[in-house]
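**Student:** mmCIF, C-alpha atoms and all ligand atoms, saved as coords34.cif, coming up:
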```
data_structure
loop_
_atom_site.label_atom_id
_atom_site.label_comp_id
_atom_site.auth_asym_id
_atom_site.auth_seq_id
_atom_site.Cartn_x
_atom_site.Cartn_y
_atom_site.Cartn_z
CA MET A 1 0.00 0.00 0.00
CA THR A 2 1.45 3.38 -0.99
CA PRO A 3 1.19 6.48 1.26
CA THR A 4 -1.34 7.86 -1.28
CA ASP A 5 -3.49 4.71 -0.95
CA TYR A 6 -3.36 5.04 2.82
CA GLU A 7 -4.41 8.70 2.76
CA TYR A 8 -7.24 7.89 0.34
CA LEU A 9 -8.55 5.13 2.64
CA ARG A 10 -8.11 7.24 5.78
CA LYS A 11 -10.16 10.09 4.34
CA LEU A 12 -12.81 7.79 2.90
CA LEU A 13 -13.29 5.98 6.22
CA LYS A 14 -13.47 9.26 8.16
CA ASP A 15 -16.10 10.61 5.75
CA ARG A 16 -18.19 7.45 5.47
CA SER A 17 -18.15 6.05 9.00
CA GLY A 18 -16.43 8.60 11.25
CA LEU A 19 -13.52 6.22 11.87
CA ASP A 20 -10.58 8.41 12.82
CA LEU A 21 -7.34 6.57 12.00
CA SER A 22 -4.04 8.08 13.05
CA ALA A 23 -1.18 8.27 10.56
CA ASP A 24 0.35 4.96 11.72
CA LYS A 25 -2.51 2.47 11.34
CA GLN A 26 -1.38 0.87 8.06
CA TYR A 27 -1.21 -2.53 9.81
CA LEU A 28 -4.89 -2.26 10.78
CA ILE A 29 -5.93 -1.47 7.22
CA GLU A 30 -3.83 -4.37 5.93
CA SER A 31 -5.15 -6.89 8.44
CA ARG A 32 -8.76 -5.97 7.66
CA LEU A 33 -8.56 -5.30 3.92
CA LEU A 34 -6.12 -7.90 2.60
CA PRO A 35 -8.68 -10.73 3.14
CA LEU A 36 -11.27 -8.62 1.29
CA SER A 37 -8.94 -7.90 -1.63
CA ARG A 38 -8.10 -11.63 -1.87
CA LYS A 39 -11.83 -12.47 -1.84
CA GLU A 40 -12.32 -10.00 -4.70
CA GLY A 41 -9.47 -11.60 -6.66
CA LEU A 42 -7.33 -8.44 -6.40
CA ALA A 43 -3.57 -8.40 -6.00
CA GLY A 44 -3.53 -6.19 -2.89
CA ILE A 45 -4.62 -2.94 -1.27
CA SER A 46 -3.42 -0.72 -4.14
CA GLU A 47 -5.56 -2.63 -6.62
CA LEU A 48 -8.48 -2.45 -4.19
CA VAL A 49 -8.09 1.33 -4.01
CA GLN A 50 -7.91 1.59 -7.82
CA LYS A 51 -11.17 -0.35 -8.11
CA MET A 52 -12.84 1.87 -5.51
CA LYS A 53 -11.63 4.99 -7.33
CA GLY A 54 -13.13 3.47 -10.46
CA GLY A 55 -16.54 3.87 -8.80
CA SER A 56 -17.32 0.46 -7.25
CA THR A 57 -19.83 1.46 -4.58
CA SER A 58 -20.43 -2.09 -3.38
CA LEU A 59 -16.68 -2.50 -2.83
CA THR A 60 -16.57 0.79 -0.95
CA THR A 61 -19.41 -0.39 1.33
CA GLN A 62 -17.54 -3.65 1.95
CA VAL A 63 -14.36 -1.72 2.79
CA VAL A 64 -16.19 0.53 5.26
CA GLU A 65 -17.90 -2.47 6.89
CA ALA A 66 -14.66 -4.46 7.06
CA MET A 67 -13.02 -1.59 8.92
CA THR A 68 -15.71 -1.36 11.63
CA THR A 69 -15.11 -3.12 14.93
CA ASN A 70 -18.20 -5.15 15.77
CA GLU A 71 -17.01 -6.58 19.07
CA THR A 72 -19.92 -7.05 21.47
CA PHE A 73 -21.33 -9.58 23.89
CA PHE A 74 -24.36 -10.15 26.06
CA PHE A 75 -24.62 -7.86 29.11
CA ARG A 76 -21.31 -6.27 28.12
CA ASP A 77 -19.70 -4.58 31.14
CA LYS A 78 -22.72 -5.62 33.29
CA VAL A 79 -22.95 -2.21 35.04
CA PRO A 80 -25.02 -0.45 32.32
CA PHE A 81 -27.62 -3.20 32.56
CA ASP A 82 -27.66 -2.91 36.37
CA HIS A 83 -28.23 0.84 35.87
CA PHE A 84 -30.99 0.06 33.41
CA ARG A 85 -32.78 -2.23 35.86
CA ASP A 86 -32.07 -0.35 39.11
CA ALA A 87 -31.92 3.34 38.15
CA ILE A 88 -33.44 3.92 34.71
CA MET A 89 -36.49 1.65 34.80
CA PRO A 90 -37.73 2.64 38.29
CA GLU A 91 -37.69 6.31 37.18
CA ILE A 92 -39.31 5.55 33.84
CA LEU A 93 -42.03 3.48 35.50
CA LYS A 94 -42.91 6.48 37.65
CA ALA A 95 -42.47 9.20 35.05
CA ARG A 96 -44.38 7.35 32.28
CA ALA A 97 -47.05 5.78 34.51
CA GLY A 98 -49.67 7.87 32.69
CA ARG A 99 -48.85 7.08 29.08
CA LYS A 100 -47.28 3.66 29.68
CA SER A 101 -44.89 3.80 26.80
CA LEU A 102 -41.15 3.52 26.48
CA ARG A 103 -38.83 3.96 23.50
CA ILE A 104 -35.26 2.70 23.64
CA TRP A 105 -32.61 3.15 20.95
CA CYS A 106 -29.45 1.04 20.67
CA ALA A 107 -27.57 3.38 18.39
CA ALA A 108 -24.74 1.01 17.42
CA GLY A 109 -26.24 -2.33 18.32
CA SER A 110 -23.84 -4.46 16.27
CA THR A 111 -24.89 -8.13 16.09
CA GLY A 112 -27.68 -7.71 18.63
CA GLN A 113 -26.30 -8.83 21.97
CA GLU A 114 -26.90 -5.37 23.46
CA PRO A 115 -30.55 -4.90 22.37
CA TYR A 116 -31.37 -8.52 23.27
CA SER A 117 -29.80 -8.03 26.71
CA LEU A 118 -32.13 -5.06 27.21
CA ALA A 119 -35.12 -7.05 25.96
CA MET A 120 -34.31 -9.84 28.42
CA CYS A 121 -33.99 -7.29 31.27
CA LEU A 122 -37.46 -6.05 30.37
CA LYS A 123 -38.87 -9.60 30.20
CA GLU A 124 -37.53 -10.15 33.70
CA MET A 125 -39.75 -7.26 34.88
CA SER A 126 -42.84 -8.32 32.94
CA ALA A 127 -45.23 -7.74 35.85
CA ALA A 128 -44.16 -4.10 36.27
CA ILE A 129 -44.49 -3.31 32.56
CA SER A 130 -47.64 -5.26 31.83
CA GLY A 131 -49.82 -3.20 29.48
CA TRP A 132 -46.93 -0.96 28.40
CA ARG A 133 -46.05 -0.24 24.78
CA ILE A 134 -42.31 -0.79 24.55
CA GLU A 135 -40.15 -0.26 21.49
CA ILE A 136 -36.50 -1.14 21.16
CA LEU A 137 -34.86 0.12 17.99
CA ALA A 138 -31.47 -1.41 17.10
CA THR A 139 -29.47 0.37 14.42
CA ASP A 140 -25.97 0.03 13.04
CA LEU A 141 -23.90 1.32 10.15
CA SER A 142 -23.30 -2.20 8.92
CA GLN A 143 -26.10 -3.97 7.07
CA GLU A 144 -24.34 -7.29 7.66
CA VAL A 145 -24.43 -7.02 11.47
CA ILE A 146 -28.02 -5.79 11.35
CA GLU A 147 -28.98 -8.96 9.46
CA LYS A 148 -27.28 -11.10 12.08
CA SER A 149 -28.98 -9.15 14.85
CA ARG A 150 -32.36 -9.58 13.19
CA ALA A 151 -31.87 -13.35 12.91
CA GLY A 152 -30.85 -13.58 16.57
CA ILE A 153 -28.77 -16.70 15.95
CA TYR A 154 -25.59 -17.16 17.96
CA SER A 155 -22.82 -19.72 18.29
CA GLN A 156 -22.04 -21.61 21.47
CA PHE A 157 -19.06 -19.29 21.97
CA GLU A 158 -21.23 -16.17 21.65
CA VAL A 159 -23.87 -17.33 24.13
CA GLN A 160 -21.13 -18.22 26.59
CA ARG A 161 -19.94 -14.60 26.64
CA GLY A 162 -21.81 -12.69 29.35
CA LEU A 163 -25.13 -14.49 29.18
CA PRO A 164 -26.21 -16.14 32.45
CA ILE A 165 -27.06 -19.80 31.85
CA GLN A 166 -30.59 -19.38 33.27
CA MET A 167 -31.27 -16.70 30.64
CA LEU A 168 -29.89 -18.90 27.87
CA VAL A 169 -32.23 -21.70 28.87
CA LYS A 170 -35.18 -19.36 29.32
CA TYR A 171 -34.89 -17.13 26.26
CA PHE A 172 -33.12 -19.21 23.57
CA LYS A 173 -33.83 -22.33 21.59
CA GLN A 174 -30.99 -24.67 20.66
CA ASN A 175 -30.64 -25.83 17.10
CA GLY A 176 -27.62 -28.07 16.70
CA GLU A 177 -24.53 -26.01 17.49
CA LEU A 178 -26.47 -22.75 17.36
CA TRP A 179 -28.86 -20.90 19.64
CA GLN A 180 -31.69 -18.64 18.48
CA VAL A 181 -33.37 -15.97 20.59
CA ASN A 182 -37.03 -16.88 21.16
CA PRO A 183 -39.56 -15.21 18.84
CA ASP A 184 -41.22 -13.15 21.62
CA ILE A 185 -37.87 -11.52 22.47
CA ARG A 186 -37.01 -11.01 18.80
CA ALA A 187 -40.38 -9.37 18.26
CA MET A 188 -39.50 -6.70 20.84
CA ILE A 189 -36.77 -5.29 18.59
CA GLN A 190 -36.97 -3.36 15.35
CA HIS A 191 -33.88 -3.23 13.17
CA ARG A 192 -32.63 -0.61 10.79
CA GLN A 193 -29.39 0.33 9.07
CA LEU A 194 -28.34 3.82 10.18
CA ASN A 195 -25.17 5.88 10.03
CA LEU A 196 -24.72 8.09 13.09
CA LEU A 197 -23.02 10.71 10.90
CA HIS A 198 -26.31 11.26 9.11
CA ASP A 199 -29.49 12.95 10.28
CA PHE A 200 -31.49 10.74 12.64
CA THR A 201 -34.29 13.10 13.66
CA GLN A 202 -36.72 10.98 11.60
CA LEU A 203 -36.47 8.29 14.31
CA GLY A 204 -38.54 10.43 16.69
CA THR A 205 -37.74 10.87 20.37
CA PHE A 206 -36.43 8.31 22.85
CA ASP A 207 -36.59 7.83 26.59
CA VAL A 208 -33.37 5.83 26.71
CA ILE A 209 -30.43 5.83 24.28
CA PHE A 210 -27.65 3.26 24.48
CA CYS A 211 -24.75 4.57 22.39
CA ARG A 212 -21.89 2.42 23.59
CA ASN A 213 -18.44 1.68 22.28
CA VAL A 214 -18.80 3.49 18.99
CA LEU A 215 -17.90 7.12 19.74
CA ILE A 216 -14.42 5.99 20.84
CA TYR A 217 -13.57 5.57 17.16
CA PHE A 218 -14.49 9.17 16.26
CA ASP A 219 -12.62 12.45 16.57
CA GLN A 220 -13.66 15.15 19.02
CA ASP A 221 -15.70 17.29 16.58
CA THR A 222 -17.68 14.26 15.43
CA LYS A 223 -18.40 13.18 19.02
CA ILE A 224 -19.60 16.70 19.93
CA ASN A 225 -21.79 16.85 16.85
CA ILE A 226 -23.39 13.48 17.66
CA PHE A 227 -23.95 14.37 21.33
CA ASN A 228 -25.64 17.61 20.31
CA ARG A 229 -27.90 15.81 17.87
CA LEU A 230 -28.71 13.06 20.40
CA ALA A 231 -29.72 15.81 22.83
CA LYS A 232 -32.40 16.92 20.37
CA ILE A 233 -34.10 13.53 20.18
CA ILE A 234 -33.89 12.44 23.79
CA GLU A 235 -36.76 13.21 26.14
CA PRO A 236 -35.84 15.97 28.63
CA ASP A 237 -36.04 13.40 31.45
CA GLY A 238 -34.43 10.61 29.39
CA PHE A 239 -31.21 8.68 29.86
CA LEU A 240 -28.09 8.34 27.72
CA VAL A 241 -25.83 5.34 28.32
CA LEU A 242 -22.24 5.45 27.01
CA GLY A 243 -19.44 2.87 26.95
CA ALA A 244 -16.87 2.56 29.72
CA ALA A 245 -14.24 4.56 27.78
CA GLU A 246 -16.65 7.30 26.65
CA THR A 247 -17.86 10.50 28.29
CA VAL A 248 -19.50 13.82 27.50
CA VAL A 249 -17.31 15.56 30.06
CA GLY A 250 -15.13 18.20 28.45
CA LEU A 251 -16.98 17.89 25.12
CA THR A 252 -20.50 19.22 25.59
CA ASP A 253 -22.82 20.38 28.32
CA THR A 254 -25.95 19.13 26.56
CA PHE A 255 -25.74 16.08 28.86
CA LYS A 256 -24.64 15.80 32.47
CA PRO A 257 -23.35 12.74 34.34
CA PHE A 258 -25.86 10.97 36.56
CA PRO A 259 -24.35 11.10 40.06
CA GLU A 260 -22.51 7.94 41.07
CA LYS A 261 -23.64 5.92 38.06
CA ARG A 262 -20.69 5.48 35.71
CA GLY A 263 -21.61 5.72 32.04
CA LEU A 264 -25.07 7.16 32.69
CA TYR A 265 -26.02 10.69 31.56
CA ARG A 266 -29.14 12.84 31.45
CA PRO A 267 -29.97 15.80 29.25
CA ASN A 268 -28.95 19.07 30.79
CA ALA A 269 -32.01 21.16 31.51
CA ALA A 270 -30.13 24.24 30.28
CA ARG A 271 -29.82 22.48 26.87
CA ALA A 272 -26.76 24.12 25.40
CA ALA A 273 -27.21 22.36 22.02
CA PRO A 274 -27.36 24.49 18.87
CA ALA A 275 -30.82 25.33 17.60
CA ALA A 276 -32.80 22.45 16.06
CA GLY A 277 -32.02 21.75 12.43
CA ILE A 278 -28.46 23.01 12.54
CA VAL A 279 -25.95 20.36 11.56
CA ALA A 280 -22.24 21.12 11.66
CA PRO A 281 -21.20 21.93 8.07
CA LYS A 282 -18.61 19.13 7.95
CA LEU A 283 -21.20 16.49 8.82
CA ALA A 284 -23.88 18.05 6.64
CA ALA A 285 -21.48 17.55 3.76
CA MET A 286 -20.97 13.89 4.74
CA ALA A 287 -24.70 13.28 4.93
CA GLY A 288 -24.99 14.14 1.27
CA ARG A 289 -22.50 11.47 0.18
C1 LIG B 1 -17.73 -2.12 19.10
S1 LIG B 1 -19.36 -2.24 18.43
C2 LIG B 1 -20.33 -1.83 19.85
C3 LIG B 1 -21.57 -2.68 19.98
C4 LIG B 1 -22.38 -2.46 21.24
N1 LIG B 1 -22.89 -1.11 21.33
C5 LIG B 1 -21.56 -2.78 22.46
O1 LIG B 1 -21.16 -1.87 23.18
O2 LIG B 1 -21.31 -3.97 22.71
C6 LIG B 1 -19.41 -0.74 17.45
C7 LIG B 1 -20.48 -0.76 16.39
O3 LIG B 1 -20.60 0.56 15.89
C8 LIG B 1 -20.91 0.47 14.52
N2 LIG B 1 -20.57 1.75 13.87
C9 LIG B 1 -19.35 2.21 13.51
N3 LIG B 1 -19.46 3.41 12.93
C10 LIG B 1 -20.78 3.73 12.93
C11 LIG B 1 -21.53 4.83 12.44
N4 LIG B 1 -20.95 5.87 11.84
N5 LIG B 1 -22.87 4.81 12.59
C12 LIG B 1 -23.48 3.76 13.19
N6 LIG B 1 -22.83 2.68 13.67
C13 LIG B 1 -21.49 2.66 13.53
C14 LIG B 1 -20.09 -0.71 14.02
O4 LIG B 1 -20.62 -1.24 12.82
C15 LIG B 1 -20.17 -1.66 15.21
O5 LIG B 1 -21.17 -2.63 15.04
#
```
Please render this file's structure as structure tokens.
**Tutor:**
Amino acid sequence: MTPTDYEYLRKLLKDRSGLDLSADKQYLIESRLLPLSRKEGLAGISELVQKMKGGSTSLTTQVVEAMTTNETFFFRDKVPFDHFRDAIMPEILKARAGRKSLRIWCAAGSTGQEPYSLAMCLKEMSAAISGWRIEILATDLSQEVIEKSRAGIYSQFEVQRGLPIQMLVKYFKQNGELWQVNPDIRAMIQHRQLNLLHDFTQLGTFDVIFCRNVLIYFDQDTKINIFNRLAKIIEPDGFLVLGAAETVVGLTDTFKPFPEKRGLYRPNAARAAPAAGIVAPKLAAMAGR
């Protein structure tokens, strides 16, 4: 791969997915894209880049997807799901007792372990939410992971990561070496391909947003832009849940940390976000691509 190829890929990935690669990540590109170039019958990364420059959009999509990190597992980090059960849901049950509805968005849900973990948490509190209308929307940049999430089929290895055995037995059906999430749990989740760099106001408003382990790949301006746009579609008394290595602190005051609950944030009543409809010019340009 020539330095020009690397710069081309770096810019393309930043524009298409937000991935912010430093100048020394050639090895990462090679480890992810050499298998793809082989699969396409190409001699290497330079030939891959030539084909992309020639206008192959399907190849470009495959390159962007190959460069995303889809690592996830059931009840990842545990604490956010404890917060969901012990802090978020008790407040929601009180605050929404009148309208009995709840909308949750998993904004980078990958292969589904995160939204299914939330669905199982909710199933475990069936009595408290009886008669409620609950929506869980799982979105991701990658169509491939969305398809896997929709199918809800996991290997033995995947169900052994984070999922308590009682939940496996209760909420999954075994089929040979694989396990599928039961239809009632699958039916709780809607799936959709969505790029966080693009406008998402059409999704409506949410009471709870899980946006975990995706913003770490973005630069500061992109993170700020996404936080400000999330602030516009979260209910004023809603909850934002971030990954263990992510925070709003020092980036925006549209959200404030929930005291003593790591990773949990609430919209700031003062709402310092820019006026509705304004998208930072850089991202507005990306949305048009
Ligand atoms: C490391 S996984 C995190 C999955 C899950 N939230 C968790 O914490 O276990 C990051 C996911 O973000 C997705 N992603 C990367 N860039 C994105 C973008 N611009 N818009 C939406 N999703 C994106 C990737 O496809 C990947 O599935």
**Student:** Kindly compile the residues surrounding ligand LIG 1 (chain B) within 8 Å, counting all atoms listed in the file, and format them as a CSV table (one decimal) with C-alpha atoms, in the coordinates of the input.
**Tutor:**
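What ended up in part29.csv:
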```
chain,number,residue,atom,x,y,z
A,16,ARG,CA,-18.2,7.4,5.5
A,17,SER,CA,-18.2,6.0,9.0
A,18,GLY,CA,-16.4,8.6,11.2
A,19,LEU,CA,-13.5,6.2,11.9
A,65,GLU,CA,-17.9,-2.5,6.9
A,68,THR,CA,-15.7,-1.4,11.6
A,69,THR,CA,-15.1,-3.1,14.9
A,70,ASN,CA,-18.2,-5.2,15.8
A,71,GLU,CA,-17.0,-6.6,19.1
A,72,THR,CA,-19.9,-7.0,21.5
A,73,PHE,CA,-21.3,-9.6,23.9
A,74,PHE,CA,-24.4,-10.2,26.1
A,76,ARG,CA,-21.3,-6.3,28.1
A,106,CYS,CA,-29.4,1.0,20.7
A,107,ALA,CA,-27.6,3.4,18.4
A,108,ALA,CA,-24.7,1.0,17.4
A,109,GLY,CA,-26.2,-2.3,18.3
A,110,SER,CA,-23.8,-4.5,16.3
A,111,THR,CA,-24.9,-8.1,16.1
A,112,GLY,CA,-27.7,-7.7,18.6
A,113,GLN,CA,-26.3,-8.8,22.0
A,114,GLU,CA,-26.9,-5.4,23.5
A,139,THR,CA,-29.5,0.4,14.4
A,140,ASP,CA,-26.0,0.0,13.0
A,141,LEU,CA,-23.9,1.3,10.2
A,142,SER,CA,-23.3,-2.2,8.9
A,145,VAL,CA,-24.4,-7.0,11.5
A,193,GLN,CA,-29.4,0.3,9.1
A,194,LEU,CA,-28.3,3.8,10.2
A,195,ASN,CA,-25.2,5.9,10.0
A,196,LEU,CA,-24.7,8.1,13.1
A,197,LEU,CA,-23.0,10.7,10.9
A,210,PHE,CA,-27.6,3.3,24.5
A,211,CYS,CA,-24.8,4.6,22.4
A,212,ARG,CA,-21.9,2.4,23.6
A,213,ASN,CA,-18.4,1.7,22.3
A,214,VAL,CA,-18.8,3.5,19.0
A,215,LEU,CA,-17.9,7.1,19.7
A,217,TYR,CA,-13.6,5.6,17.2
A,243,GLY,CA,-19.4,2.9,27.0
```
**Student:** Could you jot down the atom CA of Asp199 of chain A to atom CA of Arg133 of chain A separation for me, Å, one decimal place?
**Tutor:**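 The value is 25.7 Å.
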**Student:** Excluding Thr205 of chain A and residues on its chain fewer than 6 positions from it, collect all residues at most 12 Å away from it, counting all atoms listed in the file, and give them as a VMD selection string.
**Tutor:** chain A and resid 101 to 105 135 137 229 to 239
**Student:** Could you check how far atom CA of Tyr171 of chain A sits from atom CA of Pro183 of chain A, in Å to one decimal?
**Tutor:**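 Result for atom CA of Tyr171 of chain A versus atom CA of Pro183 of chain A: 9.0 Å, one decimal.
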**Student:** From the list A:Thr61, A:Ser149, A:Ser126, A:Gln220, which residue is nearest Ala187 of chain A when using all atoms listed in the file?
**Tutor:**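 Comparing A:Thr61, A:Ser149, A:Ser126, A:Gln220 against Ala187 of chain A, the winner is A:Ser149.
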**Student:** Find the distance between atom CA of Ser155 of chain A and atom CA of Tyr116 of chain A and write it in Å to one decimal.
**Tutor:**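 Spanning atom CA of Ser155 of chain A to atom CA of Tyr116 of chain A is a straight-line distance of 14.9 Å.
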**Student:** With only C-alpha atoms as the atoms that count, which of A:Phe218, A:Val159, A:Leu118, A:Gly54 lies nearest to Leu13 of chain A?
**Tutor:** A:Phe218
**Student:** Draw an axis-aligned box over all listed atoms of segment 241-247 of chain A, pad each side with 4 Å, and write its centre and edge lengths in Å, one decimal, as lines of an AutoDock Vina configuration file.
**Tutor:**
```
center_x = -20.0
center_y = 6.5
center_z = 28.2
size_x = 19.6
size_y = 15.9
size_z = 11.1
```
**Student:** My list of candidates is A:Leu122, A:Tyr265, A:Ala87, A:Glu260. Which is closest to Val248 of chain A when distances are computed with only C-alpha atoms?
**Tutor:**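 Answer, going by the shortest atom-to-atom distance: A:Tyr265.
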**Student:** Which residue out of A:Leu12, A:Val49, A:Ala151, A:Leu240 has the minimum interatomic distance to His191 of chain A when all atoms listed in the file are used?
**Tutor:**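 Of all the options, A:Ala151 lies closest to His191 of chain A.
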**Student:** Please determine the residues with any atom at most 12 Å from (2.6, 4.4, -2.1) (coordinates as given in the file, with only C-alpha atoms counting) and report them as a PyMOL selection string.
**Tutor:** chain A and resi 1-8+26+45-47+49
**Student:** Considering all atoms listed in the file, state which residue in the set A:Ile209, A:Leu203, A:Met67, A:Leu163 is at the smallest distance from Cys121 of chain A.
**Tutor:**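 Going through A:Ile209, A:Leu203, A:Met67, A:Leu163 one by one, the smallest distance to Cys121 of chain A is for A:Leu163.
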**Student:** Would you please work out which residue, of A:Ser58, A:Asp207, A:Ile189, A:Arg150, is nearest to Ala95 of chain A when using all atoms listed in the file?
**Tutor:**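 Smallest distance to Ala95 of chain A is found for A:Asp207.
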**Student:** Contacts of Ile129 of chain A at 9 Å or less, counting all atoms listed in the file, minus same-chain residues fewer than 5 places along, as a PyMOL selection string?
**Tutor:** chain A and resi 93+100+122-123+134
**Student:** List the spatial neighbours of Lys170 of chain A as a list in words - criterion: any atom at most 12 Å away, only C-alpha atoms, same-chain residues fewer than 3 positions off excluded.
**Tutor:**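 Close residues of Lys170 of chain A: Met120, Lys123, Glu124, Leu163, Pro164, Ile165, Gln166, Met167, Lys173, Gln174, Trp179, Gln180, Val181, Asn182, Asp184 and Ile185 of chain A.
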